Structures are given as structure tokens and as C-alpha cells.
>>> print(open('data_23.txt').read())   # compact mmCIF, N, CA and C atoms
# COMPACT_ATOMS: atom_id res chain seq x y z
N MET K 1 10.88 -10.32 -12.48
CA MET K 1 9.95 -10.87 -11.51
C MET K 1 8.97 -9.81 -11.00
N ILE K 2 9.49 -8.61 -10.76
CA ILE K 2 8.63 -7.53 -10.28
C ILE K 2 8.39 -6.58 -11.44
N MET K 3 7.13 -6.25 -11.67
CA MET K 3 6.79 -5.39 -12.80
C MET K 3 7.23 -3.95 -12.55
N ASN K 4 7.60 -3.28 -13.60
CA ASN K 4 8.06 -1.91 -13.55
C ASN K 4 6.86 -0.96 -13.54
N GLN K 5 6.02 -1.11 -12.53
CA GLN K 5 4.86 -0.24 -12.39
C GLN K 5 4.43 -0.16 -10.93
N ILE K 6 4.05 1.06 -10.54
CA ILE K 6 3.51 1.26 -9.20
C ILE K 6 2.01 1.16 -9.32
N ASP K 7 1.43 0.27 -8.55
CA ASP K 7 0.00 0.04 -8.66
C ASP K 7 -0.78 0.91 -7.69
N THR K 8 -0.41 0.91 -6.43
CA THR K 8 -1.20 1.61 -5.42
C THR K 8 -0.30 2.40 -4.48
N VAL K 9 -0.70 3.62 -4.19
CA VAL K 9 -0.01 4.48 -3.23
C VAL K 9 -0.87 4.51 -1.96
N PHE K 10 -0.24 4.35 -0.80
CA PHE K 10 -0.94 4.37 0.47
C PHE K 10 -0.74 5.72 1.14
N VAL K 11 -1.83 6.34 1.59
CA VAL K 11 -1.76 7.64 2.26
C VAL K 11 -2.26 7.48 3.69
N PRO K 12 -1.39 7.73 4.68
CA PRO K 12 -1.84 7.67 6.07
C PRO K 12 -2.74 8.87 6.37
N VAL K 13 -3.89 8.62 6.97
CA VAL K 13 -4.85 9.68 7.31
C VAL K 13 -5.28 9.53 8.76
N ARG K 14 -5.60 10.66 9.37
CA ARG K 14 -6.01 10.66 10.78
C ARG K 14 -7.45 10.16 10.94
N ASP K 15 -8.35 10.66 10.10
CA ASP K 15 -9.78 10.36 10.18
C ASP K 15 -10.23 9.88 8.81
N ILE K 16 -10.54 8.60 8.69
CA ILE K 16 -10.84 8.00 7.39
C ILE K 16 -12.07 8.62 6.73
N GLU K 17 -13.09 8.94 7.50
CA GLU K 17 -14.29 9.53 6.90
C GLU K 17 -14.03 10.94 6.38
N LYS K 18 -13.33 11.75 7.16
CA LYS K 18 -13.00 13.11 6.71
C LYS K 18 -12.07 13.07 5.51
N ALA K 19 -11.11 12.15 5.54
CA ALA K 19 -10.19 12.03 4.41
C ALA K 19 -10.93 11.60 3.15
N ARG K 20 -11.85 10.64 3.27
CA ARG K 20 -12.63 10.20 2.11
C ARG K 20 -13.39 11.38 1.51
N GLU K 21 -14.03 12.17 2.36
CA GLU K 21 -14.79 13.34 1.87
C GLU K 21 -13.86 14.34 1.19
N TRP K 22 -12.71 14.64 1.80
CA TRP K 22 -11.80 15.63 1.26
C TRP K 22 -11.24 15.20 -0.09
N TYR K 23 -10.71 13.96 -0.17
CA TYR K 23 -10.13 13.49 -1.43
C TYR K 23 -11.20 13.42 -2.52
N CYS K 24 -12.37 12.94 -2.20
CA CYS K 24 -13.44 12.88 -3.20
C CYS K 24 -13.81 14.29 -3.67
N ARG K 25 -13.89 15.23 -2.75
CA ARG K 25 -14.25 16.60 -3.11
C ARG K 25 -13.21 17.21 -4.04
N ILE K 26 -11.91 17.11 -3.70
CA ILE K 26 -10.91 17.76 -4.54
C ILE K 26 -10.75 17.07 -5.90
N LEU K 27 -11.11 15.79 -5.99
CA LEU K 27 -11.03 15.06 -7.25
C LEU K 27 -12.35 15.08 -8.02
N GLY K 28 -13.36 15.77 -7.46
CA GLY K 28 -14.65 15.86 -8.13
C GLY K 28 -15.40 14.55 -8.20
N LEU K 29 -15.26 13.75 -7.17
CA LEU K 29 -15.90 12.43 -7.12
C LEU K 29 -17.03 12.43 -6.11
N PRO K 30 -18.07 11.64 -6.36
CA PRO K 30 -19.11 11.49 -5.34
C PRO K 30 -18.53 10.75 -4.13
N VAL K 31 -18.98 11.11 -2.94
CA VAL K 31 -18.53 10.44 -1.73
C VAL K 31 -19.37 9.17 -1.60
N GLU K 32 -18.83 8.11 -2.12
CA GLU K 32 -19.54 6.83 -2.09
C GLU K 32 -18.52 5.72 -1.97
N GLY K 33 -18.99 4.55 -1.74
CA GLY K 33 -18.09 3.42 -1.55
C GLY K 33 -17.87 3.18 -0.07
N ASP K 34 -17.61 1.96 0.24
CA ASP K 34 -17.45 1.55 1.64
C ASP K 34 -16.06 1.86 2.18
N ILE K 35 -16.01 2.12 3.46
CA ILE K 35 -14.74 2.16 4.18
C ILE K 35 -14.51 0.71 4.61
N LEU K 36 -13.43 0.14 4.13
CA LEU K 36 -13.16 -1.28 4.34
C LEU K 36 -12.45 -1.53 5.66
N PHE K 37 -12.91 -2.53 6.37
CA PHE K 37 -12.29 -2.97 7.62
C PHE K 37 -12.17 -1.85 8.65
N GLY K 38 -12.96 -0.80 8.49
CA GLY K 38 -12.97 0.30 9.44
C GLY K 38 -11.82 1.28 9.30
N HIS K 39 -10.90 1.05 8.30
CA HIS K 39 -9.74 1.94 8.20
C HIS K 39 -9.23 2.19 6.79
N LEU K 40 -9.81 1.57 5.77
CA LEU K 40 -9.32 1.71 4.39
C LEU K 40 -10.39 2.28 3.47
N TYR K 41 -9.99 3.20 2.61
CA TYR K 41 -10.87 3.67 1.55
C TYR K 41 -10.08 3.72 0.26
N VAL K 42 -10.58 3.02 -0.76
CA VAL K 42 -9.95 3.00 -2.07
C VAL K 42 -10.58 4.11 -2.90
N VAL K 43 -9.80 5.15 -3.19
CA VAL K 43 -10.28 6.27 -3.98
C VAL K 43 -10.41 5.80 -5.43
N PRO K 44 -11.58 5.93 -6.03
CA PRO K 44 -11.75 5.47 -7.41
C PRO K 44 -11.02 6.37 -8.40
N MET K 45 -9.88 5.91 -8.88
CA MET K 45 -9.07 6.65 -9.84
C MET K 45 -9.40 6.16 -11.25
N THR K 46 -9.33 7.05 -12.23
CA THR K 46 -9.66 6.65 -13.60
C THR K 46 -8.46 6.13 -14.38
N ALA K 47 -7.26 6.52 -14.00
CA ALA K 47 -6.06 6.08 -14.71
C ALA K 47 -4.85 6.15 -13.78
N GLY K 48 -3.81 5.48 -14.14
CA GLY K 48 -2.58 5.53 -13.36
C GLY K 48 -2.66 4.67 -12.11
N SER K 49 -1.89 5.06 -11.13
CA SER K 49 -1.82 4.30 -9.88
C SER K 49 -3.08 4.46 -9.06
N GLY K 50 -3.35 3.46 -8.22
CA GLY K 50 -4.46 3.53 -7.30
C GLY K 50 -4.09 4.34 -6.07
N LEU K 51 -5.09 4.77 -5.33
CA LEU K 51 -4.88 5.56 -4.13
C LEU K 51 -5.71 4.97 -3.00
N VAL K 52 -5.04 4.56 -1.93
CA VAL K 52 -5.71 3.98 -0.77
C VAL K 52 -5.43 4.85 0.45
N LEU K 53 -6.51 5.32 1.08
CA LEU K 53 -6.41 6.06 2.33
C LEU K 53 -6.47 5.05 3.46
N ASP K 54 -5.60 5.19 4.46
CA ASP K 54 -5.54 4.20 5.54
C ASP K 54 -5.33 4.90 6.87
N SER K 55 -6.34 4.82 7.73
CA SER K 55 -6.23 5.47 9.04
C SER K 55 -5.48 4.61 10.06
N ARG K 56 -5.27 3.35 9.75
CA ARG K 56 -4.54 2.49 10.68
C ARG K 56 -3.04 2.77 10.67
N ILE K 57 -2.55 3.40 9.62
CA ILE K 57 -1.10 3.64 9.52
C ILE K 57 -0.74 5.10 9.81
N PHE K 58 -1.62 5.87 10.44
CA PHE K 58 -1.37 7.29 10.65
C PHE K 58 -0.32 7.58 11.70
N GLU K 59 -0.28 6.83 12.77
CA GLU K 59 0.66 7.10 13.86
C GLU K 59 2.10 7.07 13.34
N GLU K 60 2.95 7.93 13.88
CA GLU K 60 4.32 8.08 13.38
C GLU K 60 5.08 6.76 13.33
N GLU K 61 5.00 5.98 14.38
CA GLU K 61 5.71 4.70 14.41
C GLU K 61 5.19 3.77 13.32
N THR K 62 3.90 3.75 13.14
CA THR K 62 3.29 2.89 12.12
C THR K 62 3.69 3.37 10.73
N ARG K 63 3.68 4.69 10.51
CA ARG K 63 4.07 5.22 9.20
C ARG K 63 5.48 4.80 8.83
N ARG K 64 6.35 4.76 9.81
CA ARG K 64 7.73 4.35 9.56
C ARG K 64 7.83 2.90 9.13
N ASN K 65 6.87 2.08 9.49
CA ASN K 65 6.91 0.65 9.22
C ASN K 65 5.87 0.17 8.23
N SER K 66 5.18 1.09 7.56
CA SER K 66 4.15 0.74 6.59
C SER K 66 4.63 1.06 5.18
N PRO K 67 4.22 0.25 4.20
CA PRO K 67 4.66 0.50 2.83
C PRO K 67 4.10 1.81 2.28
N LEU K 68 4.93 2.49 1.49
CA LEU K 68 4.52 3.73 0.84
C LEU K 68 3.67 3.44 -0.39
N PHE K 69 3.98 2.35 -1.07
CA PHE K 69 3.25 1.95 -2.28
C PHE K 69 3.57 0.50 -2.55
N HIS K 70 2.93 -0.07 -3.58
CA HIS K 70 3.31 -1.43 -3.95
C HIS K 70 3.54 -1.57 -5.44
N PHE K 71 4.51 -2.45 -5.73
CA PHE K 71 4.80 -2.88 -7.09
C PHE K 71 3.94 -4.12 -7.36
N ASN K 72 3.66 -4.36 -8.63
CA ASN K 72 2.93 -5.56 -9.02
C ASN K 72 3.87 -6.70 -9.36
N ALA K 73 3.37 -7.91 -9.19
CA ALA K 73 4.05 -9.12 -9.65
C ALA K 73 2.98 -10.14 -10.01
N VAL K 74 3.21 -10.87 -11.08
CA VAL K 74 2.25 -11.90 -11.47
C VAL K 74 2.42 -13.13 -10.59
N ASP K 75 3.65 -13.54 -10.37
CA ASP K 75 3.96 -14.73 -9.57
C ASP K 75 4.60 -14.25 -8.26
N ILE K 76 3.81 -14.18 -7.20
CA ILE K 76 4.28 -13.62 -5.94
C ILE K 76 5.40 -14.46 -5.32
N GLN K 77 5.32 -15.77 -5.45
CA GLN K 77 6.39 -16.63 -4.90
C GLN K 77 7.70 -16.41 -5.64
N ALA K 78 7.65 -16.32 -6.96
CA ALA K 78 8.86 -16.09 -7.74
C ALA K 78 9.45 -14.71 -7.40
N ALA K 79 8.60 -13.72 -7.22
CA ALA K 79 9.07 -12.38 -6.86
C ALA K 79 9.74 -12.40 -5.48
N TYR K 80 9.12 -13.09 -4.54
CA TYR K 80 9.68 -13.20 -3.19
C TYR K 80 11.04 -13.90 -3.23
N ASP K 81 11.10 -15.02 -3.96
CA ASP K 81 12.35 -15.78 -4.06
C ASP K 81 13.44 -14.94 -4.73
N TRP K 82 13.09 -14.19 -5.76
CA TRP K 82 14.06 -13.36 -6.47
C TRP K 82 14.62 -12.28 -5.55
N MET K 83 13.73 -11.63 -4.78
CA MET K 83 14.17 -10.59 -3.85
C MET K 83 15.11 -11.19 -2.79
N LYS K 84 14.74 -12.36 -2.28
CA LYS K 84 15.55 -13.03 -1.27
C LYS K 84 16.93 -13.39 -1.83
N GLN K 85 16.97 -13.92 -3.04
CA GLN K 85 18.23 -14.30 -3.68
C GLN K 85 19.12 -13.09 -3.95
N ASN K 86 18.50 -11.92 -4.07
CA ASN K 86 19.25 -10.70 -4.36
C ASN K 86 19.57 -9.88 -3.12
N GLY K 87 19.41 -10.48 -1.96
CA GLY K 87 19.82 -9.85 -0.72
C GLY K 87 18.94 -8.71 -0.25
N VAL K 88 17.71 -8.63 -0.74
CA VAL K 88 16.79 -7.58 -0.30
C VAL K 88 16.32 -7.91 1.11
N GLU K 89 16.21 -6.89 1.95
CA GLU K 89 15.75 -7.08 3.32
C GLU K 89 14.23 -7.29 3.32
N LEU K 90 13.81 -8.52 3.46
CA LEU K 90 12.39 -8.87 3.50
C LEU K 90 11.91 -8.73 4.93
N ILE K 91 10.80 -8.02 5.14
CA ILE K 91 10.32 -7.82 6.51
C ILE K 91 9.03 -8.57 6.81
N THR K 92 8.45 -9.19 5.80
CA THR K 92 7.35 -10.13 6.02
C THR K 92 7.57 -11.31 5.10
N GLY K 93 6.86 -12.38 5.38
CA GLY K 93 6.77 -13.45 4.42
C GLY K 93 5.66 -13.09 3.44
N ILE K 94 5.29 -14.03 2.60
CA ILE K 94 4.16 -13.80 1.70
C ILE K 94 2.89 -13.92 2.55
N GLU K 95 2.14 -12.84 2.62
CA GLU K 95 0.94 -12.79 3.45
C GLU K 95 -0.30 -13.06 2.60
N HIS K 96 -1.16 -13.96 3.08
CA HIS K 96 -2.44 -14.28 2.42
C HIS K 96 -2.24 -14.66 0.96
N ASP K 97 -1.08 -15.26 0.65
CA ASP K 97 -0.76 -15.67 -0.71
C ASP K 97 -0.88 -14.51 -1.70
N HIS K 98 -0.65 -13.28 -1.21
CA HIS K 98 -0.97 -12.11 -2.03
C HIS K 98 0.11 -11.02 -2.03
N TRP K 99 0.83 -10.81 -0.92
CA TRP K 99 1.76 -9.68 -0.85
C TRP K 99 2.89 -9.95 0.16
N PHE K 100 3.96 -9.15 0.03
CA PHE K 100 5.01 -9.14 1.04
C PHE K 100 5.62 -7.74 1.09
N ASN K 101 6.23 -7.41 2.23
CA ASN K 101 6.88 -6.12 2.43
C ASN K 101 8.39 -6.31 2.50
N PHE K 102 9.11 -5.26 2.09
CA PHE K 102 10.56 -5.27 2.12
C PHE K 102 11.06 -3.84 2.34
N LYS K 103 12.35 -3.71 2.60
CA LYS K 103 12.94 -2.38 2.77
C LYS K 103 13.93 -2.11 1.64
N ASP K 104 13.96 -0.85 1.21
CA ASP K 104 14.99 -0.44 0.25
C ASP K 104 16.26 -0.12 1.04
N PRO K 105 17.37 0.21 0.38
CA PRO K 105 18.62 0.47 1.11
C PRO K 105 18.55 1.63 2.11
N ASP K 106 17.57 2.54 1.95
CA ASP K 106 17.41 3.66 2.88
C ASP K 106 16.41 3.39 3.99
N GLY K 107 15.89 2.17 4.05
CA GLY K 107 14.95 1.82 5.11
C GLY K 107 13.50 2.10 4.80
N ASN K 108 13.19 2.55 3.59
CA ASN K 108 11.79 2.77 3.21
C ASN K 108 11.10 1.42 3.05
N VAL K 109 9.90 1.31 3.61
CA VAL K 109 9.15 0.07 3.51
C VAL K 109 8.30 0.12 2.23
N LEU K 110 8.44 -0.93 1.42
CA LEU K 110 7.70 -1.05 0.16
C LEU K 110 7.03 -2.41 0.12
N MET K 111 6.15 -2.60 -0.84
CA MET K 111 5.38 -3.83 -0.93
C MET K 111 5.40 -4.36 -2.36
N VAL K 112 5.32 -5.66 -2.50
CA VAL K 112 5.05 -6.30 -3.77
C VAL K 112 3.73 -7.04 -3.59
N CYS K 113 2.83 -6.88 -4.56
CA CYS K 113 1.51 -7.47 -4.47
C CYS K 113 1.19 -8.24 -5.74
N ARG K 114 0.60 -9.39 -5.58
CA ARG K 114 0.20 -10.20 -6.74
C ARG K 114 -0.94 -9.50 -7.45
N CYS K 115 -0.78 -9.30 -8.75
CA CYS K 115 -1.83 -8.62 -9.51
C CYS K 115 -2.63 -9.60 -10.34
>>> encode(input="data_23.txt", output="C-alpha cells")
Amino acid sequence: MIMNQIDTVFVPVRDIEKAREWYCRILGLPVEGDILFGHLYVVPMTAGSGLVLDSRIFEEETRRNSPLFHFNAVDIQAAYDWMKQNGVELITGIEHDHWFNFKDPDGNVLMVCRC
């Protein structure tokens, strides 16, 4: 139900504009693209997992409750049902028909997202 691939890694940042400039500079990328919703920047990666900078999840309490990354799933409802049937601690329902969050046995918050 859940694909064996990590799609996007979320990085908590204090200042989204400074973080965008820094990550683009060290990766040799032009500083372009919009900051989404005032707190998200999707770093344009050429291969592998995606990288999303998020200033809304920087505070310590928020970091503890925000997903570190997300796995992909084609059928989000089937993935949700499978996780529920297997006793996984689900901490959200399916949000916007697109994703849900859950905890691993150590309390790490992770996400499954419809791809």
C-alpha cells in the first residue's frame, strides 16, 4: 500500500527567505521560485527525494509534532486503511484527500502522501 520510497524531506527553518538563499547557494541554484503560503519553499532538486524548507515548523514543540518526511502512496485511502488495520498510530485523518500523518514506534511523526 505504501511505496518503498521517500519522496520529500521537510527541513524546519527559522527564516524562510534566508534559508532559501542559503540552500540555493550551496546547491549552486539560482534563488528563484515562490515562497508558498508565506512559509514553504520547495528546493528544486534534480534527482532523488524532494526538499521542502518550512518556517512554520521551526519551533521546538512544532518540530516534535511535524513529519520528518513523507512516503508515497498511489491510493491514499487504501494506505490509510492498511495502516489502521496494522495498528499504526494515526495522528490525522486523510487531509485534503491527499495526505495523513502517523507515528512510528519511537514517536517520530511521518507522513504518507498521494503521489
>>> residues_around(input="data_23.txt", residues="K:Glu21", least_positions_apart="2", cutoff="12 Å", atoms="only C-alpha atoms", output="PyMOL selection string")
chain K and resi 13+15-19+23-33+35+41+43+53
>>> select_by_dssp(input="data_23.txt", residues="chain K", states="alpha helix (DSSP H)", output="PyMOL selection string")
chain K and resi 16-26+60-64+76-85
>>> closest_residue(input="data_23.txt", among="K:Thr92, K:Ser49, K:Asn72, K:Asn101", to="K:Met1", atoms="only C-alpha atoms")
K:Asn72
>>> closest_residue(input="data_23.txt", among="K:Cys115, K:Met3, K:Phe10, K:Val109", to="K:Ser55", atoms="only C-alpha atoms")
K:Phe10
>>> atom_distance(input="data_23.txt", atom1="atom N of K:Glu59", atom2="atom C of K:Val112")
21.8 Å
>>> atom_distance(input="data_23.txt", atom1="atom CA of K:Thr8", atom2="atom C of K:Arg114")
11.3 Å
>>> atom_distance(input="data_23.txt", atom1="atom C of K:Ile2", atom2="atom CA of K:Trp82")
10.1 Å
>>> residues_near_point(input="data_23.txt", point="(11.5, -8.9, 6.1)", cutoff="6.5 Å", atoms="all atoms listed in the file", output="number ranges by chain")
K: 89-93, 101-103
>>> write_last_selection(input="data_23.txt", atoms="N, CA and C atoms", output="PDB file, in the coordinates of the input")
ATOM      1  N   GLU K  89      16.210  -6.890   1.950  1.00  0.00           N
ATOM      2  CA  GLU K  89      15.750  -7.080   3.320  1.00  0.00           C
ATOM      3  C   GLU K  89      14.230  -7.290   3.320  1.00  0.00           C
ATOM      4  N   LEU K  90      13.810  -8.520   3.460  1.00  0.00           N
ATOM      5  CA  LEU K  90      12.390  -8.870   3.500  1.00  0.00           C
ATOM      6  C   LEU K  90      11.910  -8.730   4.930  1.00  0.00           C
ATOM      7  N   ILE K  91      10.800  -8.020   5.140  1.00  0.00           N
ATOM      8  CA  ILE K  91      10.320  -7.820   6.510  1.00  0.00           C
ATOM      9  C   ILE K  91       9.030  -8.570   6.810  1.00  0.00           C
ATOM     10  N   THR K  92       8.450  -9.190   5.800  1.00  0.00           N
ATOM     11  CA  THR K  92       7.350 -10.130   6.020  1.00  0.00           C
ATOM     12  C   THR K  92       7.570 -11.310   5.100  1.00  0.00           C
ATOM     13  N   GLY K  93       6.860 -12.380   5.380  1.00  0.00           N
ATOM     14  CA  GLY K  93       6.770 -13.450   4.420  1.00  0.00           C
ATOM     15  C   GLY K  93       5.660 -13.090   3.440  1.00  0.00           C
ATOM     16  N   ASN K 101       6.230  -7.410   2.230  1.00  0.00           N
ATOM     17  CA  ASN K 101       6.880  -6.120   2.430  1.00  0.00           C
ATOM     18  C   ASN K 101       8.390  -6.310   2.500  1.00  0.00           C
ATOM     19  N   PHE K 102       9.110  -5.260   2.090  1.00  0.00           N
ATOM     20  CA  PHE K 102      10.560  -5.270   2.120  1.00  0.00           C
ATOM     21  C   PHE K 102      11.060  -3.840   2.340  1.00  0.00           C
ATOM     22  N   LYS K 103      12.350  -3.710   2.600  1.00  0.00           N
ATOM     23  CA  LYS K 103      12.940  -2.380   2.770  1.00  0.00           C
ATOM     24  C   LYS K 103      13.930  -2.110   1.640  1.00  0.00           C
TER      25      LYS K 103
END
>>> residues_around(input="data_23.txt", residues="K:Asp54", least_positions_apart="4", cutoff="6 Å", atoms="only C-alpha atoms", output="list in words")
Pro12, Val13, His39 and Leu40 of chain K
>>> select_by_dssp(input="data_23.txt", residues="chain K", states="strand (DSSP E or B)", output="JSON, numbers by chain")
{"K": [6, 7, 8, 9, 10, 11, 12, 36, 40, 41, 42, 43, 50, 51, 52, 53, 54, 69, 70, 71, 72, 73, 89, 90, 95, 99, 100, 101, 102, 103, 109, 110, 111, 112, 113, 114]}
>>> closest_residue(input="data_23.txt", among="K:Asn4, K:Leu110, K:Gly38, K:Trp22", to="K:Pro67", atoms="only C-alpha atoms")
K:Leu110
>>> decode(input="data_23.txt", residues="stretch 90-101 of chain K", atoms="all heavy atoms", output="PDB file, in the first residue's frame")
ATOM      1  N   LEU K  90      -2.247   6.550  14.022  1.00  0.00           N
ATOM      2  CA  LEU K  90      -2.592   7.607  13.065  1.00  0.00           C
ATOM      3  C   LEU K  90      -2.886   8.871  13.848  1.00  0.00           C
ATOM      4  O   LEU K  90      -3.665   8.849  14.801  1.00  0.00           O
ATOM      5  CB  LEU K  90      -3.803   7.185  12.242  1.00  0.00           C
ATOM      6  CG  LEU K  90      -3.602   5.895  11.436  1.00  0.00           C
ATOM      7  CD1 LEU K  90      -4.936   5.380  10.918  1.00  0.00           C
ATOM      8  CD2 LEU K  90      -2.621   6.111  10.309  1.00  0.00           C
ATOM      9  N   ILE K  91      -2.272   9.985  13.459  1.00  0.00           N
ATOM     10  CA  ILE K  91      -2.490  11.223  14.213  1.00  0.00           C
ATOM     11  C   ILE K  91      -3.287  12.256  13.437  1.00  0.00           C
ATOM     12  O   ILE K  91      -3.628  13.297  13.985  1.00  0.00           O
ATOM     13  CB  ILE K  91      -1.172  11.817  14.750  1.00  0.00           C
ATOM     14  CG1 ILE K  91      -0.178  12.101  13.643  1.00  0.00           C
ATOM     15  CG2 ILE K  91      -0.573  10.886  15.782  1.00  0.00           C
ATOM     16  CD1 ILE K  91       1.081  12.805  14.139  1.00  0.00           C
ATOM     17  N   THR K  92      -3.582  11.977  12.181  1.00  0.00           N
ATOM     18  CA  THR K  92      -4.539  12.788  11.428  1.00  0.00           C
ATOM     19  C   THR K  92      -5.396  11.829  10.610  1.00  0.00           C
ATOM     20  O   THR K  92      -5.032  10.665  10.422  1.00  0.00           O
ATOM     21  CB  THR K  92      -3.858  13.778  10.440  1.00  0.00           C
ATOM     22  OG1 THR K  92      -3.261  13.045   9.367  1.00  0.00           O
ATOM     23  CG2 THR K  92      -2.841  14.673  11.129  1.00  0.00           C
ATOM     24  N   GLY K  93      -6.499  12.344  10.128  1.00  0.00           N
ATOM     25  CA  GLY K  93      -7.235  11.630   9.106  1.00  0.00           C
ATOM     26  C   GLY K  93      -6.592  11.958   7.771  1.00  0.00           C
ATOM     27  O   GLY K  93      -5.530  12.596   7.723  1.00  0.00           O
ATOM     28  N   ILE K  94      -7.241  11.555   6.697  1.00  0.00           N
ATOM     29  CA  ILE K  94      -6.752  11.935   5.368  1.00  0.00           C
ATOM     30  C   ILE K  94      -7.119  13.396   5.160  1.00  0.00           C
ATOM     31  O   ILE K  94      -8.292  13.760   5.194  1.00  0.00           O
ATOM     32  CB  ILE K  94      -7.358  11.050   4.270  1.00  0.00           C
ATOM     33  CG1 ILE K  94      -6.930   9.596   4.482  1.00  0.00           C
ATOM     34  CG2 ILE K  94      -6.952  11.562   2.888  1.00  0.00           C
ATOM     35  CD1 ILE K  94      -7.613   8.612   3.569  1.00  0.00           C
ATOM     36  N   GLU K  95      -6.111  14.224   4.985  1.00  0.00           N
ATOM     37  CA  GLU K  95      -6.310  15.665   4.843  1.00  0.00           C
ATOM     38  C   GLU K  95      -6.311  16.061   3.367  1.00  0.00           C
ATOM     39  O   GLU K  95      -5.417  15.658   2.611  1.00  0.00           O
ATOM     40  CB  GLU K  95      -5.194  16.423   5.574  1.00  0.00           C
ATOM     41  CG  GLU K  95      -5.084  16.095   7.057  1.00  0.00           C
ATOM     42  CD  GLU K  95      -6.255  16.627   7.854  1.00  0.00           C
ATOM     43  OE1 GLU K  95      -6.794  17.695   7.508  1.00  0.00           O
ATOM     44  OE2 GLU K  95      -6.635  15.955   8.844  1.00  0.00           O
ATOM     45  N   HIS K  96      -7.312  16.840   2.964  1.00  0.00           N
ATOM     46  CA  HIS K  96      -7.416  17.372   1.598  1.00  0.00           C
ATOM     47  C   HIS K  96      -7.348  16.257   0.551  1.00  0.00           C
ATOM     48  O   HIS K  96      -6.850  16.468  -0.550  1.00  0.00           O
ATOM     49  CB  HIS K  96      -6.341  18.424   1.336  1.00  0.00           C
ATOM     50  CG  HIS K  96      -6.322  19.516   2.352  1.00  0.00           C
ATOM     51  ND1 HIS K  96      -7.287  20.494   2.404  1.00  0.00           N
ATOM     52  CD2 HIS K  96      -5.480  19.749   3.387  1.00  0.00           C
ATOM     53  CE1 HIS K  96      -7.029  21.303   3.416  1.00  0.00           C
ATOM     54  NE2 HIS K  96      -5.944  20.866   4.035  1.00  0.00           N
ATOM     55  N   ASP K  97      -7.820  15.065   0.924  1.00  0.00           N
ATOM     56  CA  ASP K  97      -7.809  13.908   0.030  1.00  0.00           C
ATOM     57  C   ASP K  97      -6.403  13.623  -0.509  1.00  0.00           C
ATOM     58  O   ASP K  97      -6.236  13.114  -1.604  1.00  0.00           O
ATOM     59  CB  ASP K  97      -8.791  14.107  -1.132  1.00  0.00           C
ATOM     60  CG  ASP K  97      -9.098  12.815  -1.869  1.00  0.00           C
ATOM     61  OD1 ASP K  97      -9.134  11.746  -1.221  1.00  0.00           O
ATOM     62  OD2 ASP K  97      -9.260  12.870  -3.104  1.00  0.00           O
ATOM     63  N   HIS K  98      -5.376  13.982   0.290  1.00  0.00           N
ATOM     64  CA  HIS K  98      -4.016  13.945  -0.249  1.00  0.00           C
ATOM     65  C   HIS K  98      -2.978  13.325   0.689  1.00  0.00           C
ATOM     66  O   HIS K  98      -2.035  12.713   0.229  1.00  0.00           O
ATOM     67  CB  HIS K  98      -3.598  15.373  -0.618  1.00  0.00           C
ATOM     68  CG  HIS K  98      -2.391  15.448  -1.470  1.00  0.00           C
ATOM     69  ND1 HIS K  98      -2.389  15.075  -2.801  1.00  0.00           N
ATOM     70  CD2 HIS K  98      -1.130  15.831  -1.185  1.00  0.00           C
ATOM     71  CE1 HIS K  98      -1.173  15.250  -3.291  1.00  0.00           C
ATOM     72  NE2 HIS K  98      -0.383  15.696  -2.338  1.00  0.00           N
ATOM     73  N   TRP K  99      -3.107  13.477   2.015  1.00  0.00           N
ATOM     74  CA  TRP K  99      -2.055  13.014   2.921  1.00  0.00           C
ATOM     75  C   TRP K  99      -2.617  12.709   4.314  1.00  0.00           C
ATOM     76  O   TRP K  99      -3.710  13.139   4.651  1.00  0.00           O
ATOM     77  CB  TRP K  99      -0.934  14.054   3.043  1.00  0.00           C
ATOM     78  CG  TRP K  99      -1.390  15.400   3.536  1.00  0.00           C
ATOM     79  CD1 TRP K  99      -1.828  16.442   2.761  1.00  0.00           C
ATOM     80  CD2 TRP K  99      -1.483  15.847   4.891  1.00  0.00           C
ATOM     81  NE1 TRP K  99      -2.177  17.503   3.566  1.00  0.00           N
ATOM     82  CE2 TRP K  99      -1.968  17.174   4.874  1.00  0.00           C
ATOM     83  CE3 TRP K  99      -1.194  15.262   6.120  1.00  0.00           C
ATOM     84  CZ2 TRP K  99      -2.179  17.907   6.036  1.00  0.00           C
ATOM     85  CZ3 TRP K  99      -1.396  15.999   7.275  1.00  0.00           C
ATOM     86  CH2 TRP K  99      -1.882  17.311   7.217  1.00  0.00           C
ATOM     87  N   PHE K 100      -1.813  11.956   5.085  1.00  0.00           N
ATOM     88  CA  PHE K 100      -2.106  11.758   6.502  1.00  0.00           C
ATOM     89  C   PHE K 100      -0.787  11.576   7.249  1.00  0.00           C
ATOM     90  O   PHE K 100       0.230  11.206   6.674  1.00  0.00           O
ATOM     91  CB  PHE K 100      -3.054  10.575   6.749  1.00  0.00           C
ATOM     92  CG  PHE K 100      -2.514   9.224   6.358  1.00  0.00           C
ATOM     93  CD1 PHE K 100      -1.792   8.457   7.267  1.00  0.00           C
ATOM     94  CD2 PHE K 100      -2.747   8.711   5.087  1.00  0.00           C
ATOM     95  CE1 PHE K 100      -1.298   7.203   6.915  1.00  0.00           C
ATOM     96  CE2 PHE K 100      -2.271   7.461   4.727  1.00  0.00           C
ATOM     97  CZ  PHE K 100      -1.546   6.705   5.637  1.00  0.00           C
ATOM     98  N   ASN K 101      -0.815  11.866   8.549  1.00  0.00           N
ATOM     99  CA  ASN K 101       0.361  11.726   9.411  1.00  0.00           C
ATOM    100  C   ASN K 101       0.157  10.569  10.376  1.00  0.00           C
ATOM    101  O   ASN K 101      -0.967  10.258  10.778  1.00  0.00           O
ATOM    102  CB  ASN K 101       0.607  13.003  10.226  1.00  0.00           C
ATOM    103  CG  ASN K 101       1.079  14.156   9.362  1.00  0.00           C
ATOM    104  OD1 ASN K 101       1.474  13.981   8.222  1.00  0.00           O
ATOM    105  ND2 ASN K 101       1.027  15.352   9.907  1.00  0.00           N
TER     106      ASN K 101
END
